[in-house]
$ cat final39.tsv   # TSV, C-alpha atoms
chain	number	residue	atom	x	y	z
A	1	MET	CA	-3.76	231.07	132.26
A	2	LYS	CA	-0.27	230.19	131.14
A	3	ALA	CA	2.25	232.55	129.51
A	4	LEU	CA	5.52	231.84	127.72
A	5	ILE	CA	8.01	234.71	127.96
A	6	VAL	CA	10.84	234.69	125.41
A	7	ASP	CA	13.72	237.11	126.02
A	8	ASP	CA	17.49	236.76	126.03
A	9	GLU	CA	17.96	239.48	128.67
A	10	GLU	CA	17.79	238.00	132.17
A	11	ASP	CA	16.60	241.22	133.86
A	12	VAL	CA	13.77	241.75	131.37
A	13	LEU	CA	12.73	238.10	131.64
A	14	TYR	CA	12.64	238.44	135.43
A	15	SER	CA	10.66	241.72	135.35
A	16	GLU	CA	8.04	240.36	132.99
A	17	LYS	CA	7.79	237.15	135.01
A	18	ILE	CA	7.15	239.08	138.25
A	19	ILE	CA	4.51	241.30	136.59
A	20	LEU	CA	2.65	238.31	135.17
A	21	LYS	CA	2.87	236.18	138.33
A	22	LYS	CA	1.48	239.06	140.42
A	23	ALA	CA	-1.37	239.33	137.90
A	24	GLY	CA	-2.16	235.63	138.42
A	25	TYR	CA	-0.56	234.04	135.37
A	26	GLU	CA	1.46	230.83	135.35
A	27	VAL	CA	4.78	231.62	133.66
A	28	ILE	CA	7.20	229.59	131.54
A	29	THR	CA	10.37	231.21	130.22
A	30	ALA	CA	12.75	230.74	127.31
A	31	LYS	CA	16.01	232.60	126.72
A	32	SER	CA	16.08	232.12	122.94
A	33	GLY	CA	13.83	231.54	119.98
A	34	LYS	CA	15.12	227.99	119.59
A	35	GLU	CA	14.37	227.24	123.24
A	36	ALA	CA	10.85	228.66	122.81
A	37	ILE	CA	10.15	226.48	119.78
A	38	GLU	CA	11.46	223.45	121.69
A	39	LYS	CA	9.26	224.21	124.74
A	40	LEU	CA	6.20	224.58	122.51
A	41	LYS	CA	6.53	220.89	121.65
A	42	SER	CA	5.54	219.98	125.20
A	43	VAL	CA	3.63	222.97	126.65
A	44	ARG	CA	0.69	224.97	125.35
A	45	PRO	CA	0.69	228.55	126.69
A	46	ASP	CA	-2.38	230.76	126.35
A	47	PHE	CA	-0.14	233.53	124.97
A	48	ILE	CA	3.50	234.37	124.31
A	49	LEU	CA	5.47	237.53	125.13
A	50	MET	CA	8.20	237.68	122.48
A	51	ASP	CA	11.33	239.84	122.40
A	52	VAL	CA	12.45	240.81	118.89
A	53	MET	CA	16.19	241.38	119.23
A	54	MET	CA	17.73	238.02	120.12
A	55	PRO	CA	20.84	236.20	118.86
A	56	GLU	CA	20.60	233.42	116.26
A	57	MET	CA	16.95	234.00	115.41
A	58	ASP	CA	15.00	237.21	116.06
A	59	GLY	CA	11.53	237.21	117.55
A	60	TRP	CA	9.86	238.01	114.24
A	61	GLU	CA	11.41	234.89	112.68
A	62	VAL	CA	10.44	232.76	115.68
A	63	THR	CA	6.86	234.02	115.55
A	64	LYS	CA	6.62	233.34	111.83
A	65	ILE	CA	7.64	229.71	112.53
A	66	ILE	CA	5.10	229.48	115.37
A	67	LYS	CA	2.31	230.89	113.16
A	68	GLU	CA	3.12	228.49	110.29
A	69	ASP	CA	2.81	225.41	112.54
A	70	GLU	CA	-0.70	223.91	112.77
A	71	LYS	CA	-0.17	223.02	116.45
A	72	THR	CA	0.87	226.52	117.55
A	73	LYS	CA	-0.58	228.94	114.99
A	74	ASP	CA	-3.48	230.01	117.22
A	75	ILE	CA	-1.34	231.01	120.20
A	76	PRO	CA	-1.42	234.82	120.46
A	77	VAL	CA	2.03	236.44	120.32
A	78	ILE	CA	2.66	239.87	121.82
A	79	PHE	CA	5.97	241.49	120.93
A	80	VAL	CA	7.73	243.26	123.82
A	81	THR	CA	10.59	245.15	122.23
A	82	VAL	CA	12.60	248.36	122.00
A	83	LYS	CA	11.66	248.42	118.30
A	84	GLY	CA	8.78	250.88	118.32
A	85	THR	CA	8.70	252.61	114.94
A	86	ASP	CA	5.69	252.33	112.66
A	87	ASP	CA	7.75	250.06	110.38
A	88	ASP	CA	8.60	247.81	113.35
A	89	GLN	CA	4.96	247.54	114.36
A	90	THR	CA	3.95	246.80	110.78
A	91	ARG	CA	6.54	244.04	110.65
A	92	SER	CA	5.19	242.63	113.94
A	93	PHE	CA	1.65	242.39	112.63
A	94	ILE	CA	2.00	241.86	108.88
A	95	TYR	CA	5.22	239.87	108.39
A	96	SER	CA	5.13	237.83	111.59
A	97	HIS	CA	1.37	237.71	112.19
A	98	GLY	CA	1.76	238.93	115.78
A	99	ASN	CA	-1.24	239.87	117.86
A	100	GLY	CA	0.15	242.77	119.93
A	101	HIS	CA	3.15	245.08	120.25
A	102	VAL	CA	4.45	246.70	123.47
A	103	VAL	CA	7.51	248.96	123.48
A	104	LYS	CA	10.24	248.67	126.12
A	105	PRO	CA	10.93	249.92	128.70
A	106	ILE	CA	8.03	247.93	130.05
A	107	ASN	CA	5.06	249.80	131.45
A	108	LYS	CA	3.25	247.31	133.70
A	109	THR	CA	-0.22	248.75	133.06
A	110	GLN	CA	0.25	248.90	129.30
A	111	LEU	CA	1.61	245.33	129.23
A	112	LEU	CA	-1.29	243.89	131.23
A	113	GLU	CA	-3.89	245.88	129.26
A	114	THR	CA	-2.39	244.69	125.97
A	115	ILE	CA	-2.47	241.07	127.17
A	116	LYS	CA	-6.12	241.46	128.23
A	117	TRP	CA	-7.03	243.10	124.92
A	118	VAL	CA	-5.32	240.38	122.86
A	119	LEU	CA	-6.89	237.55	124.89
A	120	ASP	CA	-10.36	239.14	124.84
A	121	LYS	CA	-10.08	239.79	121.08
A	122	GLY	CA	-9.19	236.16	120.52
A	123	GLY	CA	-12.13	234.99	122.57
A	124	ILE	CA	-9.92	233.62	125.37
A	125	LYS	CA	-11.13	234.57	128.85
$ encode --input "final39.tsv" --output "structure tokens"
Amino acid sequence: MKALIVDDEEDVLYSEKIILKKAGYEVITAKSGKEAIEKLKSVRPDFILMDVMMPEMDGWEVTKIIKEDEKTKDIPVIFVTVKGTDDDQTRSFIYSHGNGHVVKPINKTQLLETIKWVLDKGGIK
């Protein structure tokens, strides 16, 4: 299975990459929303881990673009963000059509269980 991790913070990107690689995932990274959208033109990940707070375009905006595109709309997006209020989670699911929401700092078990839940729910095994 292939994951795309989108985060502008190098240390977070690295941490998530290590967690996923140890769990057996192939990992692609992007340091901005624009870079993620560009990479999605040539790669098809099984899911995306998306930061919310990024310069130029936040993760909610990026995900909305991904979900409006016929070629990418079915890729599950899991937000990994410091934004953990009920309003933030509502925005992740309702406004951006995200599939999961994990609050930073990253808890490895919670992250992997959320990925499994989202993939199982979507029928991807």
$ atom_distance --input "final39.tsv" --atom1 "atom CA of A:Ile18" --atom2 "atom CA of A:His101"
19.4 Å
$ residues_around --input "final39.tsv" --residues "A:Met50" --least-positions-apart "4" --cutoff "9 Å" --atoms "all atoms listed in the file" --output "PyMOL selection string"
chain A and resi 4-7+33+59-60+62-63+77-81
$ closest_residue --input "final39.tsv" --among "A:Ile66, A:Met57, A:Ile28, A:Leu49" --to "A:Val102" --atoms "only C-alpha atoms"
A:Leu49
$ residues_around --input "final39.tsv" --residues "A:Ser42" --least-positions-apart "5" --cutoff "12 Å" --atoms "only C-alpha atoms" --output "list in words"
Ile28, Glu35, Ala36, Ile37, Lys71 and Thr72 of chain A
$ atom_distance --input "final39.tsv" --atom1 "atom CA of A:Glu16" --atom2 "atom CA of A:Glu70"
27.5 Å
$ atom_distance --input "final39.tsv" --atom1 "atom CA of A:Glu56" --atom2 "atom CA of A:Ser32"
8.2 Å
$ closest_residue --input "final39.tsv" --among "A:Lys67, A:Lys41, A:Lys17, A:Lys34" --to "A:Lys2" --atoms "only C-alpha atoms"
A:Lys17
$ closest_residue --input "final39.tsv" --among "A:Ile19, A:Asp51, A:Glu26, A:Arg44" --to "A:Gln110" --atoms "only C-alpha atoms"
A:Ile19
$ closest_residue --input "final39.tsv" --among "A:Lys116, A:Lys22, A:Lys39, A:Lys108" --to "A:Pro76" --atoms "all atoms listed in the file"
A:Lys116
$ closest_residue --input "final39.tsv" --among "A:Leu40, A:Ile106, A:Ala23, A:Val82" --to "A:Ile65" --atoms "only C-alpha atoms"
A:Leu40
$ closest_residue --input "final39.tsv" --among "A:Asn107, A:Lys31, A:Glu113, A:Gly24" --to "A:Asp11" --atoms "all atoms listed in the file"
A:Lys31
